[in-house]
>>> print(open('structure02.cif').read())   # mmCIF, C-alpha atoms and all ligand atoms
data_data
loop_
_atom_site.label_atom_id
_atom_site.label_comp_id
_atom_site.auth_asym_id
_atom_site.auth_seq_id
_atom_site.Cartn_x
_atom_site.Cartn_y
_atom_site.Cartn_z
CA MET N 1 36.09 -0.51 -0.32
CA PRO N 2 35.70 -2.04 3.17
CA LEU N 3 32.33 -3.73 3.59
CA ASP N 4 30.21 -4.05 6.73
CA LEU N 5 28.28 -7.14 5.60
CA VAL N 6 28.15 -9.54 2.67
CA LEU N 7 25.08 -11.58 1.72
CA ARG N 8 26.43 -14.67 -0.07
CA GLN N 9 24.65 -16.58 -2.87
CA ALA N 10 21.65 -14.31 -3.13
CA GLN N 11 19.01 -15.00 -5.75
CA LEU N 12 17.70 -11.74 -7.20
CA ALA N 13 14.24 -11.33 -8.73
CA ASP N 14 15.71 -10.79 -12.22
CA GLY N 15 17.33 -14.23 -12.14
CA ALA N 16 20.86 -13.15 -11.23
CA ARG N 17 22.72 -15.17 -8.57
CA CYS N 18 25.36 -13.13 -6.79
CA ASP N 19 26.72 -11.71 -3.53
CA VAL N 20 25.52 -8.37 -2.20
CA GLY N 21 27.98 -6.23 -0.26
CA ILE N 22 26.84 -3.49 2.12
CA ALA N 23 28.84 -0.54 3.44
CA GLU N 24 27.62 2.36 5.54
CA GLY N 25 23.99 1.36 5.05
CA ARG N 26 24.18 1.25 1.28
CA ILE N 27 24.62 -1.40 -1.37
CA ALA N 28 28.30 -1.19 -2.22
CA ALA N 29 28.87 -4.30 -4.34
CA ILE N 30 26.80 -6.71 -6.42
CA ALA N 31 28.94 -9.46 -7.91
CA GLU N 32 29.82 -13.12 -7.81
CA GLY N 33 32.40 -14.05 -5.17
CA ILE N 34 32.97 -10.66 -3.57
CA ALA N 35 36.32 -10.69 -1.78
CA ALA N 36 35.96 -8.96 1.58
CA GLU N 37 36.97 -9.29 5.21
CA ALA N 38 33.47 -8.63 6.49
CA PRO N 39 30.82 -10.53 8.41
CA GLU N 40 28.77 -12.60 5.98
CA ILE N 41 25.48 -14.45 5.82
CA ALA N 42 25.18 -17.49 3.56
CA LEU N 43 21.80 -17.44 1.83
CA GLY N 44 22.17 -20.63 -0.21
CA GLY N 45 20.35 -19.16 -3.21
CA ARG N 46 17.47 -17.65 -1.26
CA LEU N 47 15.57 -14.77 -2.77
CA VAL N 48 16.72 -11.27 -1.85
CA LEU N 49 14.32 -8.49 -2.73
CA PRO N 50 14.29 -4.79 -2.08
CA GLY N 51 11.95 -4.32 0.90
CA PHE N 52 8.23 -4.53 0.17
CA VAL N 53 6.39 -1.29 -0.51
CA GLU N 54 2.95 -0.80 1.03
CA THR N 55 1.16 2.01 -0.84
CA HIS N 56 -2.17 2.03 0.93
CA ILE N 57 -2.91 1.23 4.55
CA HIS N 58 -4.89 2.91 7.33
CA LEU N 59 -2.81 2.74 10.51
CA ASP N 60 -5.08 5.21 12.32
CA LYS N 61 -8.22 3.08 12.17
CA SER N 62 -6.63 -0.37 12.46
CA CYS N 63 -7.45 -2.75 15.32
CA ILE N 64 -10.85 -1.36 16.33
CA LEU N 65 -13.07 -4.42 15.95
CA ASP N 66 -13.92 -4.12 19.65
CA ARG N 67 -15.50 -0.69 18.97
CA GLY N 68 -17.87 -1.40 16.14
CA ARG N 69 -18.80 -4.14 13.71
CA ASN N 70 -20.09 -4.25 10.18
CA GLU N 71 -23.14 -6.50 10.41
CA ASN N 72 -24.23 -6.19 6.77
CA GLY N 73 -20.74 -5.91 5.35
CA THR N 74 -21.39 -2.81 3.26
CA LEU N 75 -19.09 0.13 2.59
CA GLU N 76 -21.66 2.55 4.00
CA GLU N 77 -21.90 0.67 7.27
CA ALA N 78 -18.10 0.49 7.55
CA ILE N 79 -17.78 4.26 7.09
CA ALA N 80 -20.53 4.90 9.65
CA ALA N 81 -19.02 2.53 12.21
CA VAL N 82 -15.59 4.14 11.95
CA SER N 83 -17.12 7.62 12.01
CA ALA N 84 -18.70 6.81 15.37
CA ALA N 85 -15.56 5.15 16.77
CA LYS N 86 -13.35 8.00 15.58
CA ARG N 87 -14.94 10.46 18.01
CA GLY N 88 -13.32 8.52 20.84
CA PHE N 89 -9.82 8.37 19.33
CA THR N 90 -6.99 9.94 21.30
CA GLU N 91 -3.46 10.49 20.08
CA ALA N 92 -2.13 7.83 22.47
CA ASP N 93 -4.77 5.36 21.35
CA VAL N 94 -4.05 5.87 17.65
CA TYR N 95 -0.33 5.59 18.32
CA ALA N 96 -0.72 2.29 20.20
CA ARG N 97 -2.93 0.67 17.56
CA GLY N 98 -0.87 2.06 14.70
CA GLN N 99 2.28 0.75 16.35
CA ARG N 100 0.87 -2.76 16.57
CA THR N 101 -0.06 -2.67 12.88
CA LEU N 102 3.18 -1.06 11.78
CA GLU N 103 5.26 -3.69 13.59
CA LYS N 104 3.31 -6.43 11.80
CA ALA N 105 4.22 -4.81 8.48
CA ILE N 106 7.88 -4.56 9.49
CA VAL N 107 8.16 -8.26 10.37
CA HIS N 108 6.61 -9.11 7.00
CA GLY N 109 9.37 -7.30 5.15
CA THR N 110 7.82 -3.91 4.38
CA THR N 111 10.41 -1.14 4.39
CA ARG N 112 8.44 1.69 2.74
CA MET N 113 4.83 2.60 3.36
CA ARG N 114 2.22 5.21 2.55
CA THR N 115 -0.50 5.42 5.17
CA HIS N 116 -3.76 7.26 4.74
CA VAL N 117 -4.94 9.20 7.79
CA GLU N 118 -8.45 10.54 8.27
CA VAL N 119 -8.67 14.26 8.90
CA ASP N 120 -12.01 15.92 9.69
CA PRO N 121 -13.76 17.90 12.45
CA ARG N 122 -14.59 14.71 14.40
CA VAL N 123 -11.01 13.55 14.89
CA GLY N 124 -9.19 16.77 14.08
CA LEU N 125 -5.45 16.24 13.65
CA LYS N 126 -5.12 13.70 16.49
CA SER N 127 -4.63 10.69 14.23
CA PHE N 128 -2.39 12.70 11.93
CA GLU N 129 -0.07 13.70 14.77
CA ALA N 130 0.00 10.17 16.20
CA VAL N 131 0.98 8.69 12.84
CA ARG N 132 3.61 11.36 12.28
CA ARG N 133 5.13 10.38 15.60
CA LEU N 134 5.13 6.73 14.49
CA ALA N 135 6.95 7.80 11.32
CA ARG N 136 9.68 9.41 13.39
CA ASP N 137 9.91 6.63 15.98
CA TYR N 138 10.09 3.84 13.38
CA ALA N 139 12.35 5.54 10.84
CA TRP N 140 14.98 2.91 11.71
CA ALA N 141 12.77 0.23 10.11
CA ILE N 142 10.48 1.88 7.59
CA ASP N 143 10.05 5.05 5.53
CA LEU N 144 6.51 6.16 6.26
CA GLN N 145 4.67 8.64 4.04
CA VAL N 146 1.59 10.23 5.61
CA CYS N 147 -1.38 10.97 3.35
CA ALA N 148 -4.02 13.20 4.97
CA PHE N 149 -7.49 12.62 3.51
CA PRO N 150 -11.20 13.31 4.09
CA GLN N 151 -12.88 9.88 4.33
CA GLU N 152 -16.34 11.34 4.90
CA GLY N 153 -16.25 13.99 2.19
CA LEU N 154 -14.98 17.53 1.79
CA THR N 155 -17.54 19.99 0.43
CA ASN N 156 -20.26 18.40 2.60
CA ASP N 157 -18.19 18.52 5.80
CA PRO N 158 -17.47 22.11 6.94
CA GLY N 159 -14.08 22.57 8.56
CA THR N 160 -12.48 19.61 6.80
CA GLU N 161 -10.66 21.55 4.09
CA GLU N 162 -9.07 23.86 6.68
CA LEU N 163 -7.81 20.79 8.56
CA LEU N 164 -6.40 19.25 5.38
CA VAL N 165 -4.59 22.49 4.61
CA GLU N 166 -3.26 22.57 8.18
CA ALA N 167 -2.07 18.97 7.84
CA CYS N 168 -0.18 19.91 4.65
CA ALA N 169 1.27 22.96 6.37
CA ARG N 170 2.50 20.69 9.18
CA GLY N 171 4.17 18.37 6.69
CA ALA N 172 1.71 15.79 5.36
CA ASP N 173 3.64 14.08 2.56
CA VAL N 174 0.62 13.39 0.35
CA ILE N 175 -2.91 14.76 0.00
CA GLY N 176 -5.73 12.26 -0.39
CA GLY N 177 -9.36 12.40 -1.38
CA CYS N 178 -12.54 10.39 -1.33
CA PRO N 179 -14.97 11.81 -3.89
CA TYR N 180 -17.47 8.96 -3.57
CA THR N 181 -18.54 10.11 -0.11
CA ASP N 182 -18.93 13.74 -1.19
CA THR N 183 -22.23 15.26 -2.27
CA ASP N 184 -20.23 17.19 -4.90
CA PRO N 185 -17.53 14.78 -6.10
CA MET N 186 -16.32 16.95 -8.98
CA THR N 187 -15.65 19.93 -6.70
CA HIS N 188 -14.03 17.53 -4.23
CA ILE N 189 -11.58 16.39 -6.89
CA ALA N 190 -10.90 19.98 -7.96
CA ARG N 191 -10.23 21.10 -4.35
CA ILE N 192 -7.80 18.24 -3.76
CA PHE N 193 -5.85 19.15 -6.88
CA ALA N 194 -5.83 22.80 -5.72
CA ILE N 195 -4.38 21.83 -2.32
CA ALA N 196 -1.85 19.54 -4.00
CA ARG N 197 -0.67 22.37 -6.23
CA ARG N 198 -0.53 24.85 -3.37
CA PHE N 199 1.71 22.58 -1.28
CA ASP N 200 3.41 20.70 -4.14
CA ARG N 201 2.14 17.30 -2.96
CA ASP N 202 1.38 13.99 -4.67
CA ILE N 203 -2.28 12.93 -4.69
CA ASP N 204 -3.80 9.60 -3.65
CA LEU N 205 -7.57 9.16 -4.03
CA HIS N 206 -10.04 6.54 -2.88
CA LEU N 207 -12.01 6.15 -6.08
CA ASP N 208 -14.84 4.42 -7.92
CA PHE N 209 -15.51 2.00 -5.11
CA ASP N 210 -18.62 0.15 -6.34
CA LEU N 211 -19.55 -2.15 -9.19
CA ASP N 212 -21.62 0.25 -11.36
CA PRO N 213 -19.63 0.78 -14.56
CA SER N 214 -22.11 3.28 -16.06
CA TRP N 215 -20.05 6.20 -14.74
CA MET N 216 -16.59 6.71 -13.25
CA HIS N 217 -14.80 9.55 -11.46
CA LEU N 218 -11.66 8.18 -13.10
CA ASP N 219 -12.41 10.26 -16.19
CA GLU N 220 -12.33 13.50 -14.22
CA VAL N 221 -9.19 12.46 -12.32
CA CYS N 222 -7.35 11.73 -15.57
CA ARG N 223 -8.57 15.02 -17.03
CA GLN N 224 -7.41 17.04 -14.00
CA THR N 225 -4.10 15.18 -13.85
CA THR N 226 -3.36 16.15 -17.43
CA ALA N 227 -4.66 19.72 -17.00
CA HIS N 228 -2.43 20.31 -13.94
CA HIS N 229 0.57 18.44 -15.42
CA TRP N 230 0.46 16.17 -12.36
CA GLY N 231 1.24 12.96 -14.29
CA GLY N 232 3.26 10.48 -12.23
CA ARG N 233 2.03 12.11 -9.02
CA VAL N 234 -1.53 10.77 -8.84
CA ALA N 235 -2.69 7.38 -7.59
CA VAL N 236 -6.19 5.96 -7.20
CA GLY N 237 -7.19 3.13 -4.89
CA HIS N 238 -9.91 0.46 -5.18
CA VAL N 239 -11.42 1.40 -8.61
CA THR N 240 -13.50 -1.74 -8.26
CA LYS N 241 -15.69 -0.57 -11.14
CA LEU N 242 -12.84 -1.80 -13.36
CA SER N 243 -13.80 -5.35 -12.37
CA ALA N 244 -17.23 -4.83 -13.93
CA ILE N 245 -16.22 -4.00 -17.52
CA ASP N 246 -15.09 -6.03 -20.52
CA HIS N 247 -11.50 -6.29 -21.73
CA ALA N 248 -11.93 -3.83 -24.60
CA ARG N 249 -13.13 -1.05 -22.30
CA LEU N 250 -10.53 -1.98 -19.70
CA ALA N 251 -7.80 -1.67 -22.35
CA ALA N 252 -9.03 1.79 -23.35
CA ILE N 253 -9.04 2.90 -19.70
CA GLY N 254 -5.59 1.35 -19.19
CA ARG N 255 -4.21 3.43 -22.06
CA ARG N 256 -5.90 6.54 -20.64
CA LEU N 257 -4.42 5.96 -17.18
CA ALA N 258 -0.95 5.35 -18.60
CA ASP N 259 -1.14 8.45 -20.82
CA ALA N 260 -2.29 10.63 -17.91
CA GLY N 261 0.26 9.15 -15.49
CA VAL N 262 -2.33 7.92 -12.99
CA ALA N 263 -1.33 4.86 -10.94
CA VAL N 264 -3.71 2.25 -9.52
CA THR N 265 -3.72 0.48 -6.17
CA VAL N 266 -5.83 -2.65 -5.74
CA LEU N 267 -6.88 -3.64 -2.23
CA PRO N 268 -7.99 -7.25 -2.57
CA ALA N 269 -8.86 -7.98 1.07
CA THR N 270 -11.22 -5.03 1.47
CA ASP N 271 -12.66 -5.19 -2.02
CA LEU N 272 -13.50 -8.88 -1.60
CA PHE N 273 -15.04 -8.25 1.80
CA LEU N 274 -17.22 -5.24 0.92
CA MET N 275 -18.19 -5.59 -2.72
CA GLY N 276 -21.16 -7.44 -4.16
CA ARG N 277 -23.17 -7.53 -0.94
CA ALA N 278 -26.41 -7.20 -2.89
CA HIS N 279 -25.79 -10.66 -4.34
CA GLU N 280 -27.02 -13.71 -2.48
CA HIS N 281 -24.99 -16.10 -4.60
CA HIS N 282 -22.49 -15.86 -7.48
CA VAL N 283 -21.06 -12.92 -5.59
CA PRO N 284 -18.83 -10.83 -7.91
CA ARG N 285 -15.19 -10.63 -6.85
CA GLY N 286 -15.03 -6.87 -7.23
CA VAL N 287 -11.25 -6.80 -7.54
CA ALA N 288 -9.86 -4.60 -10.34
CA PRO N 289 -7.70 -6.64 -12.75
CA ALA N 290 -4.44 -4.81 -12.11
CA HIS N 291 -2.31 -7.31 -14.03
CA ARG N 292 -4.19 -6.46 -17.23
CA LEU N 293 -3.51 -2.75 -16.68
CA LEU N 294 0.22 -3.47 -16.45
CA GLU N 295 0.21 -4.38 -20.14
CA HIS N 296 -0.62 -0.74 -20.92
CA GLY N 297 2.11 0.65 -18.70
CA VAL N 298 0.01 1.59 -15.68
CA ALA N 299 1.93 1.57 -12.39
CA CYS N 300 -0.16 -0.82 -10.27
CA SER N 301 0.28 -1.89 -6.69
CA LEU N 302 -1.36 -4.44 -4.42
CA ALA N 303 -1.85 -3.18 -0.89
CA THR N 304 -3.29 -4.03 2.51
CA ASN N 305 -5.71 -1.14 3.18
CA ASN N 306 -7.59 -2.00 6.36
CA VAL N 307 -6.57 -4.25 9.24
CA LEU N 308 -9.02 -5.56 11.84
CA ASN N 309 -11.75 -2.94 11.45
CA PRO N 310 -15.27 -2.67 9.98
CA PHE N 311 -13.87 -2.32 6.45
CA THR N 312 -11.82 -5.52 6.72
CA PRO N 313 -11.95 -7.75 9.79
CA PHE N 314 -8.69 -9.49 8.77
CA GLY N 315 -5.09 -8.57 8.38
CA ASP N 316 -1.50 -9.49 9.11
CA CYS N 317 0.08 -6.73 6.96
CA SER N 318 1.82 -9.37 4.82
CA LEU N 319 2.21 -8.09 1.27
CA ILE N 320 3.31 -11.50 0.03
CA ARG N 321 -0.06 -12.75 1.27
CA MET N 322 -1.80 -9.92 -0.60
CA ALA N 323 0.07 -10.84 -3.80
CA ASN N 324 -0.98 -14.46 -3.36
CA LEU N 325 -4.59 -13.50 -2.61
CA TYR N 326 -4.71 -11.30 -5.70
CA ALA N 327 -3.19 -14.02 -7.89
CA ASN N 328 -5.74 -16.53 -6.66
CA VAL N 329 -8.72 -14.21 -7.10
CA ALA N 330 -7.52 -13.00 -10.52
CA GLN N 331 -6.99 -16.61 -11.64
CA ILE N 332 -3.29 -16.07 -12.27
CA GLY N 333 -1.13 -19.16 -12.60
CA SER N 334 1.69 -18.54 -15.09
CA PRO N 335 5.17 -17.82 -13.74
CA ARG N 336 5.22 -14.59 -15.74
CA ASP N 337 2.05 -13.25 -14.13
CA LEU N 338 3.03 -14.49 -10.66
CA LYS N 339 6.27 -12.51 -11.04
CA ALA N 340 4.16 -9.51 -12.03
CA CYS N 341 2.31 -9.91 -8.71
CA LEU N 342 5.65 -9.72 -6.94
CA ALA N 343 6.49 -6.57 -8.91
CA MET N 344 3.19 -5.10 -7.68
CA ILE N 345 4.46 -5.21 -4.08
CA THR N 346 8.02 -4.09 -4.86
CA THR N 347 9.17 -2.08 -7.90
CA LEU N 348 5.80 -0.82 -9.15
CA PRO N 349 4.56 0.56 -5.82
CA ALA N 350 8.00 2.16 -5.38
CA ARG N 351 7.30 3.98 -8.64
CA LEU N 352 3.78 4.85 -7.45
CA ILE N 353 5.03 6.57 -4.28
CA ASN N 354 7.92 8.17 -6.19
CA ALA N 355 10.45 6.44 -3.95
CA ARG N 356 14.00 7.45 -4.76
CA ASP N 357 16.93 5.08 -4.45
CA TYR N 358 14.70 1.99 -4.46
CA GLY N 359 15.90 -1.38 -5.62
CA ILE N 360 18.99 -3.53 -5.48
CA ALA N 361 21.50 -1.27 -7.18
CA LEU N 362 24.85 0.23 -6.29
CA GLY N 363 24.56 3.23 -4.01
CA HIS N 364 20.96 2.57 -3.01
CA PRO N 365 20.06 2.14 0.67
CA ALA N 366 20.42 -1.50 1.73
CA ASP N 367 16.68 -1.99 2.31
CA LEU N 368 16.42 -5.73 1.73
CA VAL N 369 14.20 -8.65 2.61
CA VAL N 370 15.30 -12.27 2.39
CA LEU N 371 12.55 -14.77 1.59
CA ASP N 372 12.54 -18.48 2.31
CA SER N 373 12.29 -19.22 -1.42
CA ARG N 374 14.56 -19.53 -4.40
CA ASP N 375 12.14 -18.45 -7.12
CA PRO N 376 10.09 -15.23 -7.50
CA ALA N 377 6.98 -16.89 -8.95
CA LEU N 378 7.01 -19.67 -6.35
CA ALA N 379 7.49 -17.09 -3.60
CA VAL N 380 4.03 -15.73 -4.48
CA ALA N 381 2.51 -19.17 -5.06
CA GLU N 382 3.81 -20.59 -1.78
CA LEU N 383 3.51 -17.47 0.41
CA ALA N 384 7.23 -17.59 1.07
CA GLN N 385 7.97 -16.20 4.52
CA PRO N 386 10.49 -13.43 5.07
CA LEU N 387 13.47 -14.70 7.10
CA PHE N 388 15.03 -11.35 7.92
CA GLY N 389 15.21 -7.81 6.68
CA LEU N 390 17.65 -4.93 6.59
CA LYS N 391 16.87 -1.23 6.70
CA ARG N 392 19.78 0.90 5.56
CA GLY N 393 22.03 -2.07 6.19
CA ARG N 394 20.91 -2.70 9.77
CA ARG N 395 18.94 -5.84 10.58
CA SER N 396 15.41 -4.73 11.42
CA PHE N 397 13.68 -8.07 12.03
CA THR N 398 14.25 -11.83 12.04
CA ARG N 399 11.73 -14.64 11.71
CA GLU N 400 12.86 -18.13 12.54
CA PRO N 401 11.92 -20.73 9.93
CA ALA N 402 9.62 -23.50 11.13
CA THR N 403 11.19 -26.63 12.56
CA ILE N 404 9.78 -30.13 12.18
CA HIS N 405 10.27 -32.38 15.22
CA ARG N 406 10.22 -35.95 13.93
CA PRO N 407 9.82 -38.87 16.28
CA ASP N 408 13.13 -40.62 17.11
ZN ZN Z 1 -8.20 2.99 1.93
#
>>> encode(input="structure02.cif", output="structure tokens")
Amino acid sequence: MPLDLVLRQAQLADGARCDVGIAEGRIAAIAEGIAAEAPEIALGGRLVLPGFVETHIHLDKSCILDRGRNENGTLEEAIAAVSAAKRGFTEADVYARGQRTLEKAIVHGTTRMRTHVEVDPRVGLKSFEAVRRLARDYAWAIDLQVCAFPQEGLTNDPGTEELLVEACARGADVIGGCPYTDTDPMTHIARIFAIARRFDRDIDLHLDFDLDPSWMHLDEVCRQTTAHHWGGRVAVGHVTKLSAIDHARLAAIGRRLADAGVAVTVLPATDLFLMGRAHEHHVPRGVAPAHRLLEHGVACSLATNNVLNPFTPFGDCSLIRMANLYANVAQIGSPRDLKACLAMITTLPARLINARDYGIALGHPADLVVLDSRDPALAVAELAQPLFGLKRGRRSFTREPATIHRPD
């Protein structure tokens, strides 16, 4: 078969060293010494990964630090600050800020993304429509799933459910929920499952976002997932309560999540910033131990969540940075666990968002990122920078490696 491009001496995450041939936007050959009359790029053993997968980010409310701060650093204050700012959002404004954030993700090697978008009577469907336009305009670089969700509650916020239904009718890919802000969380969860069933959508919930382990909405989510046969189609984000329990209870919950088919997304930057604010010292980390859930077969991802807003006043949209941050916070040091952190920004989140055709395999889209590293564990440890990426075989970004200028 004629090839369009050959990547020579690629190091794959599974340890294989080979060439990768690309034809018509797809991976057409994976072998040592591919013979082809095609343009080629010598990688010298650098790591080639399928593009990073961001499962949880908020493009619509990124880059608004100039419109409201979070003086006390609490979740409640963050929600209130964004609620106020949201009233002034326009479609053009959301598009411009979302574009800035999306481009940061692209140049850090992300090729698939699920973004949450707030839908309620204050903002209507303005953010939703802006983000859908971004999805169309940036399809050349990234596959963007849009998850419509009610950040400020559902049963307590008249008009919100109608807007969520309208968003699904207009093509929202995923339906989200946020039971912890609802005065009736159980009904909230039930309504989200009802909408998901009506429109045949996957579910992604903001859940159990505090450090009180005496109760969890996770139980009800697992129960509903099983009752509706929605296993493999439900994800929960934050679940910081899981950082406040012992290993025995965590193992039991891990088995429950795996049995029900509920995936978990950990959002280290936000969780570290917002949790434990009642503590003056010995502040708890508040980051759910995702790597321990992996042992039970739970699909876990590490994701960015918020960028430059009252929930998280940081953010470069680098998932390799998020993997490194998680590893550091979770006290991970072994090569095996560092590689698991890499899996939590590649293969596992791909499973979470039910991505088809993901991974370096024959016939799959050539969605690839080349890292300035030769080892998967060291890539996480050293925050290896992406050098360039391909989306369906076309180069979507390039980052020049740093140059040292020695004296003569
Ligand atoms: Zn979120």
>>> residues_around(input="structure02.cif", residues="N:Thr74", least_positions_apart="5", cutoff="10 Å", atoms="all atoms listed in the file", output="list in words")
Ile79, Phe273, Leu274, Met275, Gly276, Arg277, Ala278, Pro310 and Phe311 of chain N
>>> closest_residue(input="structure02.cif", among="N:His56, N:Arg8, N:Arg46, N:Arg17", to="ligand ZN 1 (chain Z)", atoms="only C-alpha atoms and all ligand atoms")
N:His56
>>> closest_residue(input="structure02.cif", among="N:Ala42, N:Leu325, N:Val298, N:Val107", to="N:Ala252", atoms="only C-alpha atoms")
N:Val298
>>> residues_around(input="structure02.cif", residues="stretch 220-235 of chain N", least_positions_apart="6", cutoff="8 Å", atoms="only C-alpha atoms", output="PyMOL selection string")
chain N and resi 186+189-190+193+201-205+256-257+260-265+352-354
>>> write_last_selection(input="structure02.cif", atoms="C-alpha atoms", output="compact mmCIF listing (two decimals), keeping the file's coordinate frame")
# COMPACT_ATOMS: atom_id res chain seq x y z
CA MET N 186 -16.32 16.95 -8.98
CA ILE N 189 -11.58 16.39 -6.89
CA ALA N 190 -10.90 19.98 -7.96
CA PHE N 193 -5.85 19.15 -6.88
CA ARG N 201 2.14 17.30 -2.96
CA ASP N 202 1.38 13.99 -4.67
CA ILE N 203 -2.28 12.93 -4.69
CA ASP N 204 -3.80 9.60 -3.65
CA LEU N 205 -7.57 9.16 -4.03
CA ARG N 256 -5.90 6.54 -20.64
CA LEU N 257 -4.42 5.96 -17.18
CA ALA N 260 -2.29 10.63 -17.91
CA GLY N 261 0.26 9.15 -15.49
CA VAL N 262 -2.33 7.92 -12.99
CA ALA N 263 -1.33 4.86 -10.94
CA VAL N 264 -3.71 2.25 -9.52
CA THR N 265 -3.72 0.48 -6.17
CA LEU N 352 3.78 4.85 -7.45
CA ILE N 353 5.03 6.57 -4.28
CA ASN N 354 7.92 8.17 -6.19
>>> residues_near_ligand(input="structure02.cif", ligand="ligand ZN 1 (chain Z)", cutoff="10 Å", atoms="all atoms listed in the file", output="list in words")
Thr55, His56, Ile57, His58, Thr115, His116, Val117, Glu118, Phe149, Gln151, Gly176, Cys178, Asp204, Leu205, His206, Leu207, Val236, Gly237, His238, Thr265, Val266, Leu267, Thr270, Ala303, Thr304, Asn305, Asn306 and Phe311 of chain N
>>> residues_near_point(input="structure02.cif", point="(-2.9, 2.9, 9.3)", cutoff="12 Å", atoms="all atoms listed in the file", output="ChimeraX atom specification")
/N:54-64,94-105,113-118,127-128,130-132,134-135,144-148,303-309,315,317
>>> residues_near_point(input="structure02.cif", point="(-13.4, -8.5, -9.4)", cutoff="7 Å", atoms="only C-alpha atoms", output="compact mmCIF listing (two decimals) with C-alpha atoms, in the coordinates of the input")
# COMPACT_ATOMS: atom_id res chain seq x y z
CA THR N 240 -13.50 -1.74 -8.26
CA SER N 243 -13.80 -5.35 -12.37
CA ALA N 244 -17.23 -4.83 -13.93
CA PRO N 284 -18.83 -10.83 -7.91
CA ARG N 285 -15.19 -10.63 -6.85
CA GLY N 286 -15.03 -6.87 -7.23
CA VAL N 287 -11.25 -6.80 -7.54
CA ALA N 288 -9.86 -4.60 -10.34
CA PRO N 289 -7.70 -6.64 -12.75
>>> residues_around(input="structure02.cif", residues="N:Val6", least_positions_apart="5", cutoff="9 Å", atoms="all atoms listed in the file", output="ChimeraX atom specification")
/N:19-22,29,34,36,38-42
>>> atom_distance(input="structure02.cif", atom1="atom CA of N:Ala10", atom2="atom CA of N:Gly44")
7.0 Å
>>> closest_residue(input="structure02.cif", among="N:Gln11, N:Asp137, N:Gln331, N:Arg351", to="N:Ala379", atoms="all atoms listed in the file")
N:Gln11
>>> atom_distance(input="structure02.cif", atom1="atom CA of N:Leu362", atom2="atom CA of N:Gly25")
11.4 Å
>>> closest_residue(input="structure02.cif", among="N:Ala355, N:Leu163, N:Leu272, N:Leu47", to="N:Val329", atoms="all atoms listed in the file")
N:Leu272
>>> atom_distance(input="structure02.cif", atom1="atom CA of N:Leu294", atom2="atom CA of N:Gly359")
19.2 Å
>>> closest_residue(input="structure02.cif", among="N:Val165, N:Ala377, N:Ser301, N:Asp367", to="N:Ser334", atoms="all atoms listed in the file")
N:Ala377
